[in-house]
file structure12.cif (mmCIF, C-alpha atoms)
data_model
loop_
_atom_site.label_atom_id
_atom_site.label_comp_id
_atom_site.auth_asym_id
_atom_site.auth_seq_id
_atom_site.Cartn_x
_atom_site.Cartn_y
_atom_site.Cartn_z
CA MET A 1040 0.00 0.00 0.00
CA PRO A 1041 1.50 3.39 -0.99
CA ARG A 1042 2.66 5.59 1.86
CA PHE A 1043 0.25 8.36 0.83
CA LEU A 1044 -2.71 5.98 1.04
CA ILE A 1045 -1.66 4.82 4.48
CA ALA A 1046 -1.33 8.40 5.67
CA LEU A 1047 -4.61 9.47 4.18
CA LEU A 1048 -6.50 6.59 5.71
CA ALA A 1049 -5.15 7.62 9.08
CA THR A 1050 -6.43 11.18 8.75
CA THR A 1051 -9.81 11.90 10.27
CA MET A 1052 -12.55 11.81 7.64
CA ILE A 1053 -9.99 11.69 4.88
CA GLY A 1054 -9.39 8.52 2.88
CA LEU A 1055 -8.76 7.14 -0.52
CA THR A 1056 -10.80 3.99 -0.34
CA GLY A 1057 -14.47 3.19 -0.29
CA CYS A 1058 -17.33 5.65 -0.01
CA THR A 1059 -15.49 7.80 2.53
CA SER A 1060 -12.96 8.94 -0.02
CA THR A 1061 -14.38 11.67 -2.13
CA SER A 1062 -16.60 14.08 -0.24
CA TYR A 1063 -17.52 15.68 3.04
CA ASP A 1064 -21.03 16.45 4.24
CA PHE A 1065 -21.99 19.92 3.15
CA GLY A 1066 -23.00 20.82 6.69
CA GLN A 1067 -19.42 20.44 7.84
CA THR A 1068 -18.36 23.57 5.98
CA THR A 1069 -18.71 27.07 7.34
CA SER A 1070 -21.58 28.96 5.72
CA LEU A 1071 -20.42 32.16 4.07
CA LYS A 1072 -22.85 34.95 3.30
CA LYS A 1073 -21.80 35.52 -0.29
CA MET A 1074 -19.52 34.38 -3.08
CA ARG A 1075 -15.86 35.07 -2.45
CA TYR A 1076 -14.89 36.10 -5.97
CA GLY A 1077 -16.41 37.94 -8.89
CA ASP A 1078 -17.82 36.27 -11.98
CA ARG A 1079 -18.53 37.60 -15.47
CA ASP A 1080 -21.43 35.15 -15.80
CA PRO A 1081 -22.67 34.41 -12.27
CA GLN A 1082 -25.08 31.53 -11.76
CA ASP A 1083 -27.75 31.02 -9.15
CA PHE A 1084 -26.75 27.84 -7.33
CA GLY A 1085 -29.42 28.24 -4.68
CA SER A 1086 -28.66 27.51 -1.05
CA ASN A 1087 -25.79 25.13 -1.86
CA HIS A 1088 -23.69 27.79 -3.54
CA PRO A 1089 -19.86 27.63 -3.75
CA GLY A 1090 -19.48 30.57 -1.38
CA LYS A 1091 -20.40 28.26 1.47
CA HIS A 1092 -17.08 26.52 1.07
CA GLU A 1093 -14.02 27.76 2.90
CA VAL A 1094 -11.31 26.50 0.55
CA HIS A 1095 -11.04 27.87 -2.99
CA GLY A 1096 -8.57 27.27 -5.79
CA ILE A 1097 -8.01 27.75 -9.49
CA ASP A 1098 -6.79 25.85 -12.52
CA LEU A 1099 -4.49 27.30 -15.14
CA SER A 1100 -3.17 26.57 -18.62
CA LYS A 1101 -1.49 28.54 -21.38
CA TRP A 1102 -4.82 30.24 -22.11
CA ASN A 1103 -4.47 32.21 -18.85
CA GLY A 1104 -1.07 33.56 -19.88
CA THR A 1105 1.91 33.79 -17.56
CA ASP A 1106 1.57 37.40 -16.40
CA ILE A 1107 0.14 36.38 -13.05
CA ASP A 1108 0.62 38.10 -9.71
CA TRP A 1109 1.03 35.08 -7.44
CA ALA A 1110 1.34 37.18 -4.28
CA ALA A 1111 -2.04 38.74 -5.10
CA LEU A 1112 -3.54 35.29 -5.69
CA LYS A 1113 -2.34 34.08 -2.33
CA LYS A 1114 -3.55 37.26 -0.60
CA ALA A 1115 -6.96 36.76 -2.24
CA GLY A 1116 -7.25 33.37 -0.57
CA VAL A 1117 -6.36 30.97 -3.37
CA SER A 1118 -5.47 27.76 -1.54
CA PHE A 1119 -4.58 25.46 -4.45
CA VAL A 1120 -3.91 25.45 -8.16
CA PHE A 1121 -4.24 22.71 -10.74
CA ILE A 1122 -1.91 23.32 -13.68
CA LYS A 1123 -2.19 21.79 -17.14
CA GLY A 1124 0.93 19.75 -17.66
CA THR A 1125 0.66 17.33 -20.54
CA GLU A 1126 -1.66 16.08 -23.25
CA GLY A 1127 -1.51 12.83 -25.14
CA LYS A 1128 1.91 11.22 -25.60
CA ASP A 1129 3.93 14.20 -26.85
CA ARG A 1130 2.43 17.57 -25.88
CA ILE A 1131 3.29 19.77 -22.92
CA ASP A 1132 1.41 22.97 -22.09
CA SER A 1133 3.63 25.89 -23.06
CA ALA A 1134 2.98 27.70 -19.76
CA PHE A 1135 3.36 24.65 -17.53
CA ARG A 1136 6.91 25.14 -16.32
CA THR A 1137 6.34 28.83 -15.58
CA HIS A 1138 3.11 28.19 -13.67
CA TRP A 1139 4.69 25.28 -11.82
CA ARG A 1140 7.76 27.24 -10.76
CA ASN A 1141 5.73 30.25 -9.64
CA ALA A 1142 3.16 28.23 -7.71
CA ALA A 1143 5.99 26.57 -5.81
CA ALA A 1144 7.67 29.92 -5.11
CA ALA A 1145 4.37 31.30 -3.79
CA GLY A 1146 3.94 28.30 -1.50
CA ILE A 1147 0.54 27.37 -2.95
CA PRO A 1148 -0.22 23.63 -3.04
CA HIS A 1149 -0.36 22.57 -6.67
CA ALA A 1150 -0.69 19.60 -8.99
CA ALA A 1151 -0.40 18.94 -12.71
CA TYR A 1152 -3.17 17.48 -14.81
CA HIS A 1153 -2.93 15.35 -17.91
CA PHE A 1154 -5.48 15.74 -20.70
CA TYR A 1155 -6.20 12.26 -22.03
CA TYR A 1156 -6.02 11.61 -25.77
CA PHE A 1157 -7.73 8.50 -27.09
CA CYS A 1158 -5.40 8.04 -30.07
CA SER A 1159 -2.38 6.88 -28.08
CA THR A 1160 -1.94 4.24 -25.41
CA PRO A 1161 -2.33 4.92 -21.68
CA GLU A 1162 1.20 3.65 -21.11
CA GLU A 1163 2.66 6.14 -23.60
CA GLN A 1164 0.69 8.96 -22.01
CA ALA A 1165 1.55 8.01 -18.44
CA ASP A 1166 5.24 7.84 -19.34
CA TRP A 1167 5.04 11.26 -20.99
CA PHE A 1168 3.38 12.74 -17.89
CA ILE A 1169 5.97 11.15 -15.59
CA ALA A 1170 8.83 12.44 -17.74
CA ASN A 1171 7.61 16.03 -17.65
CA VAL A 1172 6.04 16.63 -14.23
CA PRO A 1173 8.43 17.02 -11.29
CA ARG A 1174 7.95 15.26 -7.98
CA GLU A 1175 8.26 17.74 -5.13
CA ALA A 1176 6.86 18.79 -1.76
CA ASN A 1177 3.84 21.08 -1.39
CA MET A 1178 2.18 19.26 -4.29
CA LEU A 1179 -1.24 17.67 -4.52
CA PRO A 1180 -1.85 14.27 -6.12
CA PRO A 1181 -1.65 14.20 -9.94
CA VAL A 1182 -4.82 14.62 -11.99
CA LEU A 1183 -6.22 12.71 -14.96
CA ASP A 1184 -8.50 14.92 -17.08
CA MET A 1185 -11.12 12.81 -18.87
CA GLU A 1186 -13.40 14.58 -21.34
CA TRP A 1187 -14.76 14.08 -24.82
CA ASN A 1188 -12.67 16.30 -27.08
CA HIS A 1189 -15.08 17.22 -29.87
CA ALA A 1190 -12.79 19.92 -31.22
CA SER A 1191 -9.72 17.73 -31.72
CA PRO A 1192 -8.45 17.99 -35.31
CA THR A 1193 -6.58 14.68 -35.10
CA CYS A 1194 -8.52 12.30 -32.85
CA LYS A 1195 -12.28 11.77 -33.07
CA LEU A 1196 -12.39 8.45 -31.27
CA ARG A 1197 -15.15 7.86 -28.69
CA PRO A 1198 -14.43 4.42 -27.18
CA ASP A 1199 -17.10 2.38 -25.43
CA PRO A 1200 -17.35 2.72 -21.63
CA GLU A 1201 -15.50 -0.53 -20.92
CA THR A 1202 -12.54 0.60 -23.02
CA VAL A 1203 -12.57 4.05 -21.42
CA ARG A 1204 -12.44 2.60 -17.92
CA ASP A 1205 -9.71 0.16 -18.92
CA VAL A 1206 -7.37 2.84 -20.32
CA MET A 1207 -8.05 5.08 -17.32
CA ARG A 1208 -7.14 2.28 -14.92
CA ARG A 1209 -3.95 1.51 -16.83
CA PHE A 1210 -2.88 5.17 -16.91
CA MET A 1211 -3.63 5.74 -13.24
CA ASN A 1212 -1.94 2.55 -12.09
CA ARG A 1213 1.24 3.53 -13.93
CA VAL A 1214 1.25 7.06 -12.52
CA GLU A 1215 0.47 5.82 -9.01
CA ALA A 1216 3.35 3.33 -9.17
CA HIS A 1217 5.65 6.28 -9.89
CA ASP A 1218 4.13 8.92 -7.62
CA GLY A 1219 2.85 6.81 -4.72
CA ARG A 1220 -0.59 8.45 -4.74
CA LYS A 1221 -3.87 7.73 -6.48
CA PRO A 1222 -4.55 10.34 -9.15
CA ILE A 1223 -7.55 12.64 -8.87
CA ILE A 1224 -10.08 12.22 -11.71
CA TYR A 1225 -11.38 15.37 -13.38
CA THR A 1226 -14.40 14.97 -15.61
CA SER A 1227 -17.35 16.74 -17.22
CA VAL A 1228 -21.06 15.99 -17.05
CA ASP A 1229 -21.40 14.25 -20.42
CA PHE A 1230 -18.25 12.17 -20.08
CA HIS A 1231 -19.21 11.03 -16.58
CA ARG A 1232 -22.72 10.14 -17.73
CA ASP A 1233 -21.38 8.13 -20.68
CA ASN A 1234 -18.57 6.28 -18.89
CA LEU A 1235 -18.11 6.75 -15.16
CA VAL A 1236 -21.41 6.33 -13.32
CA GLY A 1237 -20.70 3.95 -10.45
CA ALA A 1238 -17.02 3.54 -11.41
CA PHE A 1239 -13.79 4.42 -9.58
CA ASN A 1240 -15.43 4.98 -6.21
CA ASP A 1241 -12.03 4.60 -4.52
CA TYR A 1242 -10.70 7.74 -6.24
CA HIS A 1243 -11.10 11.43 -5.53
CA PHE A 1244 -13.22 13.23 -8.13
CA TRP A 1245 -12.94 16.81 -9.37
CA LEU A 1246 -16.23 17.62 -11.10
CA ARG A 1247 -17.17 20.35 -13.55
CA SER A 1248 -20.62 21.73 -12.75
CA VAL A 1249 -21.10 25.37 -13.74
CA ALA A 1250 -24.89 25.72 -13.51
CA ALA A 1251 -25.92 23.65 -10.50
CA HIS A 1252 -24.54 21.92 -7.44
CA PRO A 1253 -22.79 18.63 -8.35
CA SER A 1254 -25.36 16.62 -6.39
CA ALA A 1255 -28.00 17.71 -8.90
CA ILE A 1256 -25.97 16.70 -11.97
CA TYR A 1257 -23.84 13.79 -10.75
CA PRO A 1258 -26.34 11.87 -8.59
CA GLY A 1259 -24.64 9.46 -6.24
CA ARG A 1260 -21.13 10.69 -7.01
CA ARG A 1261 -19.10 11.81 -4.02
CA TRP A 1262 -16.66 14.56 -4.89
CA THR A 1263 -13.62 16.32 -3.47
CA PHE A 1264 -13.26 19.30 -5.84
CA TRP A 1265 -15.97 21.25 -7.66
CA GLN A 1266 -15.17 23.45 -10.66
CA TYR A 1267 -18.09 25.85 -10.49
CA THR A 1268 -17.21 28.52 -13.05
CA SER A 1269 -14.99 29.21 -16.05
CA THR A 1270 -15.74 32.95 -15.99
CA GLY A 1271 -14.41 33.79 -12.56
CA LEU A 1272 -12.48 36.94 -11.64
CA ILE A 1273 -9.69 36.90 -9.05
CA PRO A 1274 -7.04 39.55 -8.29
CA GLY A 1275 -3.72 38.53 -9.80
CA VAL A 1276 -5.04 36.99 -13.03
CA LYS A 1277 -6.01 39.04 -16.07
CA GLY A 1278 -9.28 37.94 -17.58
CA GLU A 1279 -11.63 35.09 -16.75
CA LEU A 1280 -10.52 31.83 -15.21
CA ASP A 1281 -11.77 28.58 -13.69
CA ILE A 1282 -12.50 28.62 -9.96
CA ASN A 1283 -12.94 25.54 -7.78
CA VAL A 1284 -13.82 24.67 -4.21
CA PHE A 1285 -12.72 21.86 -1.91
CA SER A 1286 -15.60 19.95 -0.37
CA GLY A 1287 -14.38 20.02 3.22
CA SER A 1288 -13.58 22.67 5.78
CA ALA A 1289 -10.28 24.53 6.11
CA LYS A 1290 -9.29 22.10 8.87
CA HIS A 1291 -9.99 19.13 6.59
CA TRP A 1292 -8.01 20.83 3.82
CA ASN A 1293 -4.94 21.29 5.98
CA SER A 1294 -5.06 17.63 6.99
CA TRP A 1295 -5.59 16.55 3.39
CA VAL A 1296 -2.57 18.48 2.12
CA ALA A 1297 -0.37 17.31 4.99
CA ALA A 1298 -1.28 13.70 4.30
CA ALA A 1299 -0.60 14.17 0.59
CA ASN A 1300 2.96 15.18 1.35
CA ARG A 1301 3.93 12.47 3.83
#
call {"tool": "encode", "arguments": {"input": "structure12.cif", "output": "structure tokens"}}
result
Amino acid sequence: MPRFLIALLATTMIGLTGCTSTSYDFGQTTSLKKMRYGDRDPQDFGSNHPGKHEVHGIDLSKWNGTDIDWAALKKAGVSFVFIKGTEGKDRIDSAFRTHWRNAAAAGIPHAAYHFYYFCSTPEEQADWFIANVPREANMLPPVLDMEWNHASPTCKLRPDPETVRDVMRRFMNRVEAHDGRKPIIYTSVDFHRDNLVGAFNDYHFWLRSVAAHPSAIYPGRRWTFWQYTSTGLIPGVKGELDINVFSGSAKHWNSWVAAANR
């Protein structure tokens, strides 16, 4: 059993196995009166809005540029950042190394994500990710980004659900053998509906849900991270960006990060 899994199982209410792994009860978070950050296209999430969560973070890629004021981000309360690292078997995000270096210098917990490409093998893609993403302290578990890529000019494949789950398992097993931690799974509503309902319950999920609370769109799926907007506004970043929340309290977050780095 990897050391990270052992540590995480030992942390109160934090685990990477079974139904206790991927969410906290909403009532365990501190209720905030309003949303923390601005939004160019704000949505009405009702009573279960993201502002109720204490721990917020962002995700970045080359589309956000590299002219980012990391001190301002940290001052604004950004607690984590997911950074696009690799795609397929031979592509690296052009801003990855800059974002990675600056997140580390700012002391913000961070992780890289890999955008999966169905026209190369999971082994090739895992090896590419491993070759390009450093292992270091103050880092969250790696992320596997699983979406249908309708706009791809080179790969239009849409495998059946059994094949999808098989390649995911092979990729994640290879990365976990290298990193010592189970990857987080990022996914979108349509991809989850087509392939992941009831699957991978022993993994943390990061869910995209920009118009409603995840419980309304991913019934039965426990989650750890919620990407609630792609039009957010935070001091330190020019233009719109993705904003996310962690499902637990600040206390849970501190324990989660500490366990991830043991």
call {"tool": "closest_residue", "arguments": {"input": "structure12.cif", "among": "A:Arg1136, A:Lys1073, A:His1092, A:His1252", "to": "Lys1290 of chain A", "atoms": "all atoms listed in the file"}}
result
A:His1092
call {"tool": "resolve_selection", "arguments": {"input": "structure12.cif", "expression": "the PyMOL selection byres ((chain A and resi 1120-1125) around 9)", "output": "PyMOL selection string"}}
result
chain A and resi 1096-1101+1117-1119+1126-1136+1138-1139+1142+1147-1155+1164+1167-1168+1171-1172+1179+1181-1182
call {"tool": "closest_residue", "arguments": {"input": "structure12.cif", "among": "A:Asn1177, A:Thr1193, A:Ala1170, A:Lys1114", "to": "Val1296 of chain A", "atoms": "all atoms listed in the file"}}
result
A:Asn1177
call {"tool": "atom_distance", "arguments": {"input": "structure12.cif", "atom1": "atom CA of Gly1275 of chain A", "atom2": "atom CA of His1095 of chain A"}}
result
14.6 Å
call {"tool": "closest_residue", "arguments": {"input": "structure12.cif", "among": "A:Ala1238, A:Cys1158, A:Leu1246, A:Ile1107", "to": "Ala1145 of chain A", "atoms": "only C-alpha atoms"}}
result
A:Ile1107
call {"tool": "atom_distance", "arguments": {"input": "structure12.cif", "atom1": "atom CA of Asp1078 of chain A", "atom2": "atom CA of Pro1274 of chain A"}}
result
11.9 Å
call {"tool": "closest_residue", "arguments": {"input": "structure12.cif", "among": "A:Tyr1225, A:Phe1210, A:Tyr1076, A:Trp1295", "to": "Met1185 of chain A", "atoms": "all atoms listed in the file"}}
result
A:Tyr1225
call {"tool": "residues_around", "arguments": {"input": "structure12.cif", "residues": "Trp1187 of chain A", "least_positions_apart": "4", "cutoff": "9 Å", "atoms": "only C-alpha atoms", "output": "mmCIF file with C-alpha atoms, in the coordinates of the input"}}
result
data_model
loop_
_atom_site.group_PDB
_atom_site.id
_atom_site.type_symbol
_atom_site.label_atom_id
_atom_site.label_comp_id
_atom_site.auth_asym_id
_atom_site.auth_seq_id
_atom_site.Cartn_x
_atom_site.Cartn_y
_atom_site.Cartn_z
ATOM 1 C CA LYS A 1195 -12.280 11.770 -33.070
ATOM 2 C CA LEU A 1196 -12.390 8.450 -31.270
ATOM 3 C CA ARG A 1197 -15.150 7.860 -28.690
ATOM 4 C CA SER A 1227 -17.350 16.740 -17.220
ATOM 5 C CA ASP A 1229 -21.400 14.250 -20.420
ATOM 6 C CA PHE A 1230 -18.250 12.170 -20.080
#
call {"tool": "closest_residue", "arguments": {"input": "structure12.cif", "among": "A:His1231, A:Lys1221, A:Arg1208, A:Arg1301", "to": "Gly1259 of chain A", "atoms": "all atoms listed in the file"}}
result
A:His1231
call {"tool": "atom_distance", "arguments": {"input": "structure12.cif", "atom1": "atom CA of Asp1184 of chain A", "atom2": "atom CA of Tyr1242 of chain A"}}
result
13.2 Å
call {"tool": "resolve_selection", "arguments": {"input": "structure12.cif", "expression": "the PyMOL selection byres ((chain A and resi 1089) around 12)", "output": "VMD selection string"}}
result
chain A and resid 1065 1068 to 1076 1081 to 1088 1090 to 1096 1248 to 1253 1264 to 1268 1282 to 1287
call {"tool": "resolve_selection", "arguments": {"input": "structure12.cif", "expression": "the PyMOL selection byres ((chain A and resi 1272) around 8)", "output": "number ranges by chain"}}
result
A: 1076-1079, 1270-1271, 1273-1274, 1276, 1278-1280
call {"tool": "write_last_selection", "arguments": {"input": "structure12.cif", "atoms": "C-alpha atoms", "output": "short mmCIF file (atom, residue, chain, number, x, y, z; two decimals), in the coordinates of the input"}}
result
data_model
loop_
_atom_site.label_atom_id
_atom_site.label_comp_id
_atom_site.auth_asym_id
_atom_site.auth_seq_id
_atom_site.Cartn_x
_atom_site.Cartn_y
_atom_site.Cartn_z
CA TYR A 1076 -14.89 36.10 -5.97
CA GLY A 1077 -16.41 37.94 -8.89
CA ASP A 1078 -17.82 36.27 -11.98
CA ARG A 1079 -18.53 37.60 -15.47
CA THR A 1270 -15.74 32.95 -15.99
CA GLY A 1271 -14.41 33.79 -12.56
CA ILE A 1273 -9.69 36.90 -9.05
CA PRO A 1274 -7.04 39.55 -8.29
CA VAL A 1276 -5.04 36.99 -13.03
CA GLY A 1278 -9.28 37.94 -17.58
CA GLU A 1279 -11.63 35.09 -16.75
CA LEU A 1280 -10.52 31.83 -15.21
#
call {"tool": "closest_residue", "arguments": {"input": "structure12.cif", "among": "A:Arg1247, A:His1291, A:Arg1220, A:Arg1209", "to": "Pro1161 of chain A", "atoms": "only C-alpha atoms"}}
result
A:Arg1209
call {"tool": "decode", "arguments": {"input": "structure12.cif", "residues": "segment 1250-1261 of chain A", "atoms": "all heavy atoms", "output": "tab-separated table (two decimals), in the first residue's frame"}}
result
chain	number	residue	atom	x	y	z
A	1250	ALA	N	-23.54	25.17	-13.55
A	1250	ALA	CA	-24.89	25.72	-13.51
A	1250	ALA	C	-25.70	25.21	-12.34
A	1250	ALA	O	-26.79	25.71	-12.08
A	1250	ALA	CB	-25.62	25.41	-14.82
A	1251	ALA	N	-25.20	24.22	-11.63
A	1251	ALA	CA	-25.92	23.65	-10.50
A	1251	ALA	C	-24.94	22.94	-9.58
A	1251	ALA	O	-23.80	22.65	-9.98
A	1251	ALA	CB	-26.99	22.66	-10.98
A	1252	HIS	N	-25.37	22.67	-8.36
A	1252	HIS	CA	-24.54	21.92	-7.44
A	1252	HIS	C	-24.28	20.52	-8.00
A	1252	HIS	O	-25.16	19.94	-8.66
A	1252	HIS	CB	-25.25	21.81	-6.08
A	1252	HIS	CG	-24.39	21.25	-5.00
A	1252	HIS	ND1	-24.35	19.91	-4.71
A	1252	HIS	CD2	-23.52	21.85	-4.16
A	1252	HIS	CE1	-23.49	19.71	-3.72
A	1252	HIS	NE2	-22.98	20.87	-3.37
A	1253	PRO	N	-23.09	19.96	-7.79
A	1253	PRO	CA	-22.79	18.63	-8.35
A	1253	PRO	C	-23.80	17.55	-7.97
A	1253	PRO	O	-24.04	16.63	-8.76
A	1253	PRO	CB	-21.40	18.32	-7.77
A	1253	PRO	CG	-20.79	19.65	-7.54
A	1253	PRO	CD	-21.91	20.55	-7.11
A	1254	SER	N	-24.39	17.65	-6.81
A	1254	SER	CA	-25.36	16.62	-6.39
A	1254	SER	C	-26.56	16.56	-7.32
A	1254	SER	O	-27.22	15.52	-7.42
A	1254	SER	CB	-25.81	16.87	-4.95
A	1254	SER	OG	-26.48	18.12	-4.84
A	1255	ALA	N	-26.86	17.68	-8.00
A	1255	ALA	CA	-28.00	17.71	-8.90
A	1255	ALA	C	-27.66	17.15	-10.28
A	1255	ALA	O	-28.56	16.76	-11.03
A	1255	ALA	CB	-28.50	19.15	-9.05
A	1256	ILE	N	-26.38	17.11	-10.62
A	1256	ILE	CA	-25.97	16.70	-11.97
A	1256	ILE	C	-25.23	15.37	-11.98
A	1256	ILE	O	-25.26	14.64	-12.97
A	1256	ILE	CB	-25.09	17.81	-12.58
A	1256	ILE	CG1	-25.90	19.11	-12.69
A	1256	ILE	CG2	-24.58	17.42	-13.95
A	1256	ILE	CD1	-25.12	20.26	-13.26
A	1257	TYR	N	-24.57	15.05	-10.88
A	1257	TYR	CA	-23.84	13.79	-10.75
A	1257	TYR	C	-24.46	13.00	-9.59
A	1257	TYR	O	-23.82	12.82	-8.55
A	1257	TYR	CB	-22.38	14.04	-10.46
A	1257	TYR	CG	-21.61	14.82	-11.50
A	1257	TYR	CD1	-21.62	16.22	-11.49
A	1257	TYR	CD2	-20.85	14.18	-12.47
A	1257	TYR	CE1	-20.89	16.95	-12.41
A	1257	TYR	CE2	-20.12	14.90	-13.39
A	1257	TYR	CZ	-20.14	16.29	-13.37
A	1257	TYR	OH	-19.42	17.01	-14.29
A	1258	PRO	N	-25.69	12.54	-9.73
A	1258	PRO	CA	-26.34	11.87	-8.59
A	1258	PRO	C	-25.56	10.65	-8.12
A	1258	PRO	O	-25.12	9.83	-8.92
A	1258	PRO	CB	-27.71	11.47	-9.17
A	1258	PRO	CG	-27.54	11.49	-10.65
A	1258	PRO	CD	-26.53	12.55	-10.93
A	1259	GLY	N	-25.35	10.60	-6.83
A	1259	GLY	CA	-24.64	9.46	-6.24
A	1259	GLY	C	-23.14	9.57	-6.26
A	1259	GLY	O	-22.46	8.73	-5.67
A	1260	ARG	N	-22.59	10.57	-6.91
A	1260	ARG	CA	-21.13	10.69	-7.01
A	1260	ARG	C	-20.60	11.59	-5.89
A	1260	ARG	O	-20.95	12.75	-5.80
A	1260	ARG	CB	-20.73	11.29	-8.36
A	1260	ARG	CG	-19.25	11.67	-8.48
A	1260	ARG	CD	-18.34	10.47	-8.31
A	1260	ARG	NE	-18.45	9.54	-9.43
A	1260	ARG	CZ	-17.91	8.33	-9.42
A	1260	ARG	NH1	-17.25	7.90	-8.34
A	1260	ARG	NH2	-18.06	7.52	-10.46
A	1261	ARG	N	-19.77	11.03	-5.05
A	1261	ARG	CA	-19.10	11.81	-4.02
A	1261	ARG	C	-17.91	12.52	-4.65
A	1261	ARG	O	-17.22	11.96	-5.49
A	1261	ARG	CB	-18.69	10.91	-2.85
A	1261	ARG	CG	-19.90	10.25	-2.17
A	1261	ARG	CD	-19.46	9.23	-1.12
A	1261	ARG	NE	-18.84	9.88	0.03
A	1261	ARG	CZ	-19.52	10.36	1.06
A	1261	ARG	NH1	-20.83	10.29	1.09
A	1261	ARG	NH2	-18.88	10.92	2.09
